[in-house]
$ cat my_file01.cif   # mmCIF, C-alpha atoms and all ligand atoms
data_query
#
loop_
_atom_site.group_PDB
_atom_site.id
_atom_site.type_symbol
_atom_site.label_atom_id
_atom_site.label_comp_id
_atom_site.auth_asym_id
_atom_site.auth_seq_id
_atom_site.Cartn_x
_atom_site.Cartn_y
_atom_site.Cartn_z
ATOM 1 C CA MET A 1 100.529 79.455 111.974
ATOM 2 C CA PRO A 2 100.180 83.050 113.236
ATOM 3 C CA ALA A 3 99.927 85.872 110.731
ATOM 4 C CA ALA A 4 103.002 87.972 109.948
ATOM 5 C CA PHE A 5 100.746 90.698 108.574
ATOM 6 C CA GLN A 6 97.075 91.324 109.025
ATOM 7 C CA LEU A 7 95.068 94.011 107.267
ATOM 8 C CA GLU A 8 91.526 94.482 108.523
ATOM 9 C CA SER A 9 89.308 96.717 106.419
ATOM 10 C CA VAL A 10 92.245 99.026 105.731
ATOM 11 C CA THR A 11 91.692 102.242 103.804
ATOM 12 C CA ARG A 12 94.408 104.710 102.857
ATOM 13 C CA ARG A 13 93.654 107.956 101.052
ATOM 14 C CA PHE A 14 95.771 110.523 99.275
ATOM 15 C CA GLY A 15 93.597 113.630 99.183
ATOM 16 C CA ASP A 16 90.274 112.516 97.684
ATOM 17 C CA LEU A 17 91.686 109.368 96.174
ATOM 18 C CA ALA A 18 91.382 106.101 98.108
ATOM 19 C CA ALA A 19 94.570 104.299 97.008
ATOM 20 C CA VAL A 20 93.618 101.296 99.170
ATOM 21 C CA LYS A 21 89.976 100.572 100.014
ATOM 22 C CA ARG A 22 88.722 98.326 102.807
ATOM 23 C CA VAL A 23 91.416 95.738 102.185
ATOM 24 C CA ASP A 24 91.352 92.546 104.240
ATOM 25 C CA ALA A 25 94.283 90.183 104.076
ATOM 26 C CA SER A 26 96.041 87.883 106.466
ATOM 27 C CA ILE A 27 99.538 86.819 105.440
ATOM 28 C CA GLU A 28 100.914 83.764 107.169
ATOM 29 C CA GLN A 29 104.399 83.784 108.632
ATOM 30 C CA GLY A 30 106.896 82.243 106.240
ATOM 31 C CA SER A 31 104.522 82.349 103.266
ATOM 32 C CA GLN A 32 105.067 83.855 99.817
ATOM 33 C CA VAL A 33 102.475 86.250 98.420
ATOM 34 C CA ALA A 34 102.463 88.224 95.162
ATOM 35 C CA PHE A 35 100.312 91.333 94.784
ATOM 36 C CA ILE A 36 99.294 91.704 91.158
ATOM 37 C CA GLY A 37 97.229 94.276 89.324
ATOM 38 C CA PRO A 38 97.566 97.159 86.916
ATOM 39 C CA SER A 39 99.408 100.390 87.458
ATOM 40 C CA GLY A 40 97.788 102.525 90.120
ATOM 41 C CA SER A 41 95.831 99.638 91.670
ATOM 42 C CA GLY A 42 97.408 100.131 95.114
ATOM 43 C CA LYS A 43 100.196 97.541 95.292
ATOM 44 C CA THR A 44 102.946 99.903 96.440
ATOM 45 C CA THR A 45 100.577 101.518 98.919
ATOM 46 C CA VAL A 46 99.845 98.106 100.451
ATOM 47 C CA ILE A 47 103.562 97.354 100.710
ATOM 48 C CA ARG A 48 104.148 100.679 102.493
ATOM 49 C CA LEU A 49 101.264 99.949 104.865
ATOM 50 C CA LEU A 50 102.809 96.552 105.638
ATOM 51 C CA ASN A 51 106.256 98.016 106.329
ATOM 52 C CA THR A 52 104.593 100.740 108.464
ATOM 53 C CA MET A 53 106.013 103.616 106.431
ATOM 54 C CA LEU A 54 102.393 104.648 105.755
ATOM 55 C CA ALA A 55 99.614 104.724 108.333
ATOM 56 C CA ALA A 56 96.087 103.520 107.584
ATOM 57 C CA ASP A 57 93.301 106.115 107.621
ATOM 58 C CA GLU A 58 90.784 103.439 108.600
ATOM 59 C CA GLY A 59 91.040 99.849 109.701
ATOM 60 C CA THR A 60 93.825 98.003 111.478
ATOM 61 C CA VAL A 61 97.292 96.933 110.372
ATOM 62 C CA THR A 62 98.833 94.256 112.588
ATOM 63 C CA VAL A 63 102.475 93.276 112.105
ATOM 64 C CA PHE A 64 103.969 90.297 113.957
ATOM 65 C CA GLY A 65 101.000 90.422 116.315
ATOM 66 C CA GLN A 66 101.329 94.135 117.148
ATOM 67 C CA SER A 67 98.744 96.682 116.086
ATOM 68 C CA VAL A 68 100.794 99.366 114.325
ATOM 69 C CA SER A 69 98.621 102.347 115.273
ATOM 70 C CA GLY A 70 99.235 101.778 118.985
ATOM 71 C CA LEU A 71 103.037 101.831 118.756
ATOM 72 C CA GLY A 72 105.323 104.653 119.874
ATOM 73 C CA ALA A 73 108.270 105.882 117.820
ATOM 74 C CA GLY A 74 110.797 103.563 119.489
ATOM 75 C CA GLU A 75 108.584 100.480 119.142
ATOM 76 C CA LEU A 76 107.934 101.335 115.512
ATOM 77 C CA ARG A 77 111.668 101.653 114.860
ATOM 78 C CA ARG A 78 112.294 98.256 116.411
ATOM 79 C CA LEU A 79 109.457 96.715 114.424
ATOM 80 C CA ARG A 80 110.910 98.119 111.190
ATOM 81 C CA THR A 81 114.267 96.452 111.811
ATOM 82 C CA ARG A 82 112.403 93.125 111.498
ATOM 83 C CA ILE A 83 111.161 93.955 107.988
ATOM 84 C CA ALA A 84 113.405 94.498 104.959
ATOM 85 C CA THR A 85 111.960 96.431 102.047
ATOM 86 C CA ILE A 86 113.421 96.307 98.552
ATOM 87 C CA PRO A 87 112.017 99.416 96.887
ATOM 88 C CA GLN A 88 111.162 99.540 93.195
ATOM 89 C CA HIS A 89 114.325 101.457 92.335
ATOM 90 C CA LEU A 90 116.398 99.391 94.780
ATOM 91 C CA GLY A 91 117.577 102.316 96.916
ATOM 92 C CA LEU A 92 121.284 101.498 96.531
ATOM 93 C CA VAL A 93 123.993 104.147 96.869
ATOM 94 C CA PRO A 94 125.748 104.012 93.473
ATOM 95 C CA ASN A 95 129.119 105.362 94.607
ATOM 96 C CA LEU A 96 129.503 102.940 97.494
ATOM 97 C CA SER A 97 130.916 99.456 97.094
ATOM 98 C CA VAL A 98 128.660 96.416 97.102
ATOM 99 C CA LEU A 99 130.004 95.561 100.555
ATOM 100 C CA GLN A 100 129.077 98.999 101.903
ATOM 101 C CA ASN A 101 125.588 98.892 100.422
ATOM 102 C CA VAL A 102 124.976 95.521 102.029
ATOM 103 C CA ILE A 103 126.311 96.746 105.397
ATOM 104 C CA LEU A 104 123.623 99.451 105.261
ATOM 105 C CA GLY A 105 121.061 96.653 105.654
ATOM 106 C CA LYS A 106 121.815 96.716 109.371
ATOM 107 C CA GLY A 107 121.726 100.529 109.531
ATOM 108 C CA GLY A 108 118.295 100.641 111.166
ATOM 109 C CA GLU A 109 119.372 98.289 113.931
ATOM 110 C CA ARG A 110 122.847 99.711 114.556
ATOM 111 C CA GLY A 111 122.106 103.449 114.540
ATOM 112 C CA THR A 112 123.874 106.251 112.707
ATOM 113 C CA LEU A 113 127.247 106.463 114.434
ATOM 114 C CA ARG A 114 128.008 102.786 114.405
ATOM 115 C CA SER A 115 126.770 102.535 110.794
ATOM 116 C CA ILE A 116 129.186 105.228 109.645
ATOM 117 C CA ARG A 117 132.046 103.512 111.438
ATOM 118 C CA ASP A 118 131.084 100.136 109.922
ATOM 119 C CA LEU A 119 130.998 101.691 106.467
ATOM 120 C CA LEU A 120 134.425 103.300 106.811
ATOM 121 C CA ILE A 121 136.128 100.373 108.515
ATOM 122 C CA PRO A 122 134.112 97.239 107.772
ATOM 123 C CA ARG A 123 134.305 94.609 110.520
ATOM 124 C CA LYS A 124 135.859 91.303 109.595
ATOM 125 C CA SER A 125 132.742 89.457 110.780
ATOM 126 C CA ASP A 126 130.538 91.594 108.507
ATOM 127 C CA VAL A 127 132.815 91.052 105.509
ATOM 128 C CA GLU A 128 132.728 87.295 106.068
ATOM 129 C CA ALA A 129 128.968 87.175 106.508
ATOM 130 C CA ILE A 130 128.415 89.361 103.445
ATOM 131 C CA HIS A 131 130.794 87.288 101.341
ATOM 132 C CA LYS A 132 128.660 84.233 102.160
ATOM 133 C CA ILE A 133 125.452 86.049 101.257
ATOM 134 C CA LEU A 134 126.928 87.263 97.971
ATOM 135 C CA GLU A 135 127.932 83.686 97.180
ATOM 136 C CA ARG A 136 124.354 82.592 97.724
ATOM 137 C CA VAL A 137 122.997 85.286 95.413
ATOM 138 C CA GLY A 138 125.754 84.656 92.864
ATOM 139 C CA ILE A 139 127.810 87.864 92.852
ATOM 140 C CA GLU A 140 130.612 87.142 95.358
ATOM 141 C CA GLU A 141 133.244 88.457 92.921
ATOM 142 C CA LYS A 142 131.587 91.896 93.196
ATOM 143 C CA LEU A 143 132.218 92.361 96.944
ATOM 144 C CA PHE A 144 134.485 95.387 96.503
ATOM 145 C CA ALA A 145 133.102 96.659 93.180
ATOM 146 C CA ARG A 146 131.539 100.071 93.002
ATOM 147 C CA THR A 147 127.796 99.402 92.843
ATOM 148 C CA SER A 148 127.174 101.706 89.856
ATOM 149 C CA THR A 149 129.417 99.476 87.691
ATOM 150 C CA LEU A 150 127.077 96.473 88.097
ATOM 151 C CA SER A 151 124.348 95.454 85.636
ATOM 152 C CA GLY A 152 120.672 95.888 86.532
ATOM 153 C CA GLY A 153 120.315 92.206 87.419
ATOM 154 C CA GLN A 154 123.443 92.288 89.583
ATOM 155 C CA GLN A 155 122.196 95.400 91.383
ATOM 156 C CA GLN A 156 118.963 93.564 92.160
ATOM 157 C CA ARG A 157 121.084 90.910 93.824
ATOM 158 C CA VAL A 158 122.893 93.556 95.863
ATOM 159 C CA ALA A 159 119.512 94.818 97.060
ATOM 160 C CA ILE A 160 118.491 91.253 97.939
ATOM 161 C CA ALA A 161 121.816 90.723 99.752
ATOM 162 C CA ARG A 162 121.285 93.922 101.719
ATOM 163 C CA ALA A 163 117.832 92.703 102.745
ATOM 164 C CA LEU A 164 119.225 89.282 103.780
ATOM 165 C CA PHE A 165 122.020 90.853 105.836
ATOM 166 C CA GLN A 166 119.334 92.597 107.874
ATOM 167 C CA GLU A 167 118.168 89.069 108.908
ATOM 168 C CA PRO A 168 114.538 90.100 108.631
ATOM 169 C CA GLU A 169 111.426 88.128 109.467
ATOM 170 C CA ALA A 170 109.823 89.511 106.317
ATOM 171 C CA ILE A 171 111.047 90.837 102.983
ATOM 172 C CA LEU A 172 108.782 93.148 100.998
ATOM 173 C CA ALA A 173 109.889 93.704 97.411
ATOM 174 C CA ASP A 174 108.159 96.280 95.229
ATOM 175 C CA GLU A 175 108.387 95.315 91.547
ATOM 176 C CA PRO A 176 111.726 93.584 92.065
ATOM 177 C CA VAL A 177 112.112 92.756 88.370
ATOM 178 C CA SER A 178 110.839 95.837 86.590
ATOM 179 C CA ALA A 179 114.174 96.844 85.047
ATOM 180 C CA VAL A 180 115.574 93.581 83.629
ATOM 181 C CA ASP A 181 115.059 91.169 80.740
ATOM 182 C CA PRO A 182 112.647 88.189 81.103
ATOM 183 C CA ALA A 183 115.341 85.564 81.846
ATOM 184 C CA ARG A 184 116.867 87.726 84.585
ATOM 185 C CA ALA A 185 113.407 88.522 85.934
ATOM 186 C CA LYS A 186 112.639 84.830 86.287
ATOM 187 C CA ASP A 187 115.976 84.145 88.035
ATOM 188 C CA THR A 188 115.398 86.956 90.503
ATOM 189 C CA VAL A 189 111.847 85.914 91.371
ATOM 190 C CA GLN A 190 112.990 82.314 91.792
ATOM 191 C CA LEU A 191 115.892 83.434 93.996
ATOM 192 C CA LEU A 192 113.570 85.449 96.246
ATOM 193 C CA THR A 193 111.049 82.630 96.663
ATOM 194 C CA ASP A 194 113.814 80.035 97.226
ATOM 195 C CA LEU A 195 115.417 82.262 99.876
ATOM 196 C CA SER A 196 112.092 82.741 101.613
ATOM 197 C CA ARG A 197 111.708 78.970 101.919
ATOM 198 C CA GLU A 198 115.351 78.434 102.994
ATOM 199 C CA HIS A 199 115.366 81.159 105.634
ATOM 200 C CA GLY A 200 111.717 81.072 106.629
ATOM 201 C CA PHE A 201 111.059 84.788 106.187
ATOM 202 C CA THR A 202 107.694 85.950 104.898
ATOM 203 C CA LEU A 203 107.911 87.273 101.326
ATOM 204 C CA CYS A 204 105.493 89.800 99.814
ATOM 205 C CA VAL A 205 106.163 91.224 96.385
ATOM 206 C CA SER A 206 104.300 93.363 93.921
ATOM 207 C CA LEU A 207 104.629 92.012 90.408
ATOM 208 C CA HIS A 208 103.419 93.035 86.987
ATOM 209 C CA HIS A 209 104.561 89.724 85.484
ATOM 210 C CA ILE A 210 101.500 87.634 86.078
ATOM 211 C CA GLU A 211 103.103 84.503 84.586
ATOM 212 C CA LEU A 212 106.023 84.720 87.019
ATOM 213 C CA ALA A 213 103.630 85.307 89.891
ATOM 214 C CA LYS A 214 101.677 82.173 88.924
ATOM 215 C CA GLU A 215 104.809 80.080 88.504
ATOM 216 C CA PHE A 216 106.553 80.924 91.771
ATOM 217 C CA PHE A 217 103.955 82.093 94.296
ATOM 218 C CA PRO A 218 101.498 79.837 96.099
ATOM 219 C CA ARG A 219 99.182 82.806 96.650
ATOM 220 C CA LEU A 220 98.251 85.761 94.473
ATOM 221 C CA ILE A 221 96.307 88.796 95.627
ATOM 222 C CA GLY A 222 94.834 90.737 92.718
ATOM 223 C CA MET A 223 94.118 94.434 93.160
ATOM 224 C CA ARG A 224 92.152 96.872 91.110
ATOM 225 C CA ASN A 225 91.342 100.470 92.034
ATOM 226 C CA GLY A 226 92.574 99.929 95.565
ATOM 227 C CA GLU A 227 90.429 96.880 96.221
ATOM 228 C CA VAL A 228 91.282 93.211 96.501
ATOM 229 C CA VAL A 229 89.377 91.560 93.665
ATOM 230 C CA LEU A 230 90.936 88.111 93.777
ATOM 231 C CA ASP A 231 92.919 86.137 96.309
ATOM 232 C CA GLY A 232 94.015 82.531 96.076
ATOM 233 C CA ALA A 233 96.351 79.866 94.775
ATOM 234 C CA PRO A 234 97.192 80.193 91.058
ATOM 235 C CA ALA A 235 95.520 76.867 90.283
ATOM 236 C CA ASP A 236 92.293 78.040 91.911
ATOM 237 C CA LEU A 237 92.116 81.374 90.131
ATOM 238 C CA ASP A 238 89.928 81.735 87.111
ATOM 239 C CA GLU A 239 91.806 82.706 83.924
ATOM 240 C CA ALA A 240 88.986 85.037 82.923
ATOM 241 C CA ASP A 241 89.184 86.793 86.326
ATOM 242 C CA LEU A 242 92.917 87.241 85.882
ATOM 243 C CA ALA A 243 92.484 88.644 82.389
ATOM 244 C CA ARG A 244 89.734 90.974 83.600
ATOM 245 C CA LEU A 245 92.016 92.326 86.317
ATOM 246 C CA TYR A 246 94.018 94.126 83.664
ATOM 247 C CA GLN A 247 91.386 94.591 80.980
ATOM 248 C CA LEU A 248 88.857 96.506 83.058
ATOM 249 C CA SER A 249 91.449 98.831 84.420
ATOM 250 C CA ASP A 250 92.732 99.677 80.982
ATOM 251 C CA GLU A 251 89.224 100.796 80.068
ATOM 252 C CA GLU A 252 88.963 102.736 83.277
ATOM 253 C CA MET A 253 92.283 104.401 82.659
ATOM 254 C CA MET A 254 91.147 105.379 79.189
ATOM 255 C CA THR A 255 87.965 106.947 80.540
ATOM 256 C CA ASP A 256 90.046 108.782 83.139
ATOM 257 C CA ALA A 257 92.369 110.211 80.504
HETATM 258 N N1 LIG B 301 102.219 109.712 97.931
HETATM 259 C C1 LIG B 301 101.139 109.771 97.141
HETATM 260 N N2 LIG B 301 100.479 110.917 96.941
HETATM 261 C C2 LIG B 301 99.395 110.987 96.154
HETATM 262 N N3 LIG B 301 98.865 109.923 95.521
HETATM 263 C C3 LIG B 301 99.478 108.746 95.667
HETATM 264 C C4 LIG B 301 100.653 108.593 96.477
HETATM 265 N N4 LIG B 301 101.038 107.295 96.441
HETATM 266 C C5 LIG B 301 100.157 106.667 95.640
HETATM 267 N N5 LIG B 301 99.219 107.519 95.174
HETATM 268 C C6 LIG B 301 98.100 107.177 94.293
HETATM 269 O O1 LIG B 301 97.476 106.009 94.811
HETATM 270 C C7 LIG B 301 97.104 105.113 93.758
HETATM 271 C C8 LIG B 301 97.776 103.763 94.011
HETATM 272 O O2 LIG B 301 99.169 103.943 93.812
HETATM 273 P P1 LIG B 301 100.231 102.759 94.007
HETATM 274 O O3 LIG B 301 101.557 103.377 93.858
HETATM 275 O O4 LIG B 301 99.929 102.052 95.275
HETATM 276 O O5 LIG B 301 99.871 101.824 92.778
HETATM 277 P P2 LIG B 301 100.673 100.562 92.198
HETATM 278 O O6 LIG B 301 99.687 99.445 92.093
HETATM 279 O O7 LIG B 301 101.887 100.334 93.005
HETATM 280 O O8 LIG B 301 101.057 101.052 90.736
HETATM 281 P P3 LIG B 301 102.349 100.651 89.832
HETATM 282 O O9 LIG B 301 102.046 99.287 89.303
HETATM 283 O O10 LIG B 301 102.329 101.686 88.745
HETATM 284 O O11 LIG B 301 103.555 100.734 90.687
HETATM 285 C C9 LIG B 301 97.527 105.789 92.474
HETATM 286 O O12 LIG B 301 96.410 106.428 91.914
HETATM 287 C C10 LIG B 301 98.579 106.791 92.899
HETATM 288 O O13 LIG B 301 98.607 107.906 92.039
HETATM 289 MG MG MG B 302 103.905 100.399 92.550
#

$ encode --input "my_file01.cif" --output "structure tokens"
Amino acid sequence: MPAAFQLESVTRRFGDLAAVKRVDASIEQGSQVAFIGPSGSGKTTVIRLLNTMLAADEGTVTVFGQSVSGLGAGELRRLRTRIATIPQHLGLVPNLSVLQNVILGKGGERGTLRSIRDLLIPRKSDVEAIHKILERVGIEEKLFARTSTLSGGQQQRVAIARALFQEPEAILADEPVSAVDPARAKDTVQLLTDLSREHGFTLCVSLHHIELAKEFFPRLIGMRNGEVVLDGAPADLDEADLARLYQLSDEEMMTDA
């Protein structure tokens, strides 16, 4: 199986700080991977390297077989339409309806003018497709609701629906369950991993909930201080290593403070 994403000795700095240091990872097409690790360990930075919104300072990022650094603006735009990112704060427009937010999933592919037209006068085919997607994620009755009136868990589903409507080859979700209660968090993580298997898209998430990561992801990549410190199937990972992932960094954060 070819890799959807390949990081080869990738380093990304912000000023003097190396947010990601010499990271190597190959992520198989159609697989599910959770990046775990304490705050500041580099998870979001990795996600933004994978979706090409950030460039590596050193090393090579390869997405769907194409080395990102060699791509022109047009090629990069096309590549990005094949990846859906669910940002930590979801990136929904609160005053638009659920339908309109989901339509925006195809914004990158359709361009500005057509997107505005589709938002103002939704096409019948879009409405039908989106109704089906909302059924799958369990909020079909919210099609015409204003997005700001939905609960946190429902808004997560809107963000997932928007990503699905894009028909991506990969979905990258940054802390998809940070703002909801544990039961909702579990439902959302299960939904994302189920959808990845149903549709075949590659799924990469960053997750603070280590128990959820272990339950639903066949592969965990543990990060600390920008480095990959563990990588494997939950059953193969050492409990003490997992505990240390968080412990050590707490100490480090205390010395930093
Ligand atoms: N745009 C930026 N400018 C400056 N520093 C940044 C920027 N983005 C990230 N950093 C720094 O890089 C390091 C890694 O940040 P990152 O956001 O990747 O961590 P994270 O693992 O996602 O953390 P969290 O779990 O809190 O979301 C942090 O020290 C952060 O302050
Ligand atoms: Mg983050």

$ atom_distance --input "my_file01.cif" --atom1 "CA of Leu54 (chain A)" --atom2 "CA of Gly72 (chain A)"
14.4 Å

$ atom_distance --input "my_file01.cif" --atom1 "CA of Ile139 (chain A)" --atom2 "CA of Arg48 (chain A)"
28.6 Å

$ atom_distance --input "my_file01.cif" --atom1 "CA of Val189 (chain A)" --atom2 "atom C4 of ligand LIG 301 (chain B)"
25.8 Å

$ residues_around --input "my_file01.cif" --residues "region 211-228 of chain A" --least-positions-apart "4" --cutoff "10 Å" --atoms "all atoms listed in the file" --output "ChimeraX atom specification"
/A:10-13,17-25,27,31-43,45-46,182,185-186,189-194,203-207,232-237,241-242,244-246,248-249,252

$ resolve_selection --input "my_file01.cif" --expression "the PyMOL selection byres (((chain A and resi 124-133) around 10) and not hetatm)" --output "list in words"
Val98, Leu99, Gln100, Val102, Ile103, Asp118, Ile121, Pro122, Arg123, Leu134, Glu135, Arg136, Val137, Gly138, Ile139, Glu140, Glu141, Lys142, Leu143, Arg157, Val158, Ile160, Ala161, Arg162, Leu164 and Phe165 of chain A

$ closest_residue --input "my_file01.cif" --among "A:Gly65, A:Gln166, A:Gly153, A:Leu79" --to "Arg110 (chain A)" --atoms "all atoms listed in the file"
A:Gln166

$ closest_residue --input "my_file01.cif" --among "A:Arg146, A:Arg117, A:His208, A:Arg77" --to "ligand MG 302 (chain B)" --atoms "all atoms listed in the file"
A:His208

$ residues_around --input "my_file01.cif" --residues "Glu109 (chain A)" --least-positions-apart "6" --cutoff "10 Å" --atoms "all atoms listed in the file" --output "PyMOL selection string"
chain A and resi 77-78+80-82+115+166

$ closest_residue --input "my_file01.cif" --among "A:Asp238, A:Asp187, A:Asp174, A:Glu198" --to "ligand MG 302 (chain B)" --atoms "all atoms listed in the file"
A:Asp174

$ residues_around --input "my_file01.cif" --residues "Gln29 (chain A)" --least-positions-apart "3" --cutoff "12 Å" --atoms "only C-alpha atoms" --output "list in words"
Met1, Pro2, Ala3, Ala4, Phe5, Gln6, Ser26, Gln32, Val33, Val63, Phe64, Gly65, Pro168, Glu169, Ala170, Ile171, Ser196, Arg197, His199, Gly200, Phe201, Thr202, Leu203 and Cys204 of chain A

$ closest_residue --input "my_file01.cif" --among "A:Leu7, A:Ala159, A:Leu120, A:Met53" --to "ligand LIG 301 (chain B)" --atoms "only C-alpha atoms and all ligand atoms"
A:Met53

$ closest_residue --input "my_file01.cif" --among "A:Ala179, A:Val68, A:Leu230, A:Ala163" --to "His209 (chain A)" --atoms "only C-alpha atoms"
A:Ala179

$ closest_residue --input "my_file01.cif" --among "A:Gly15, A:Gly111, A:Gly105, A:Pro176" --to "ligand MG 302 (chain B)" --atoms "all atoms listed in the file"
A:Pro176
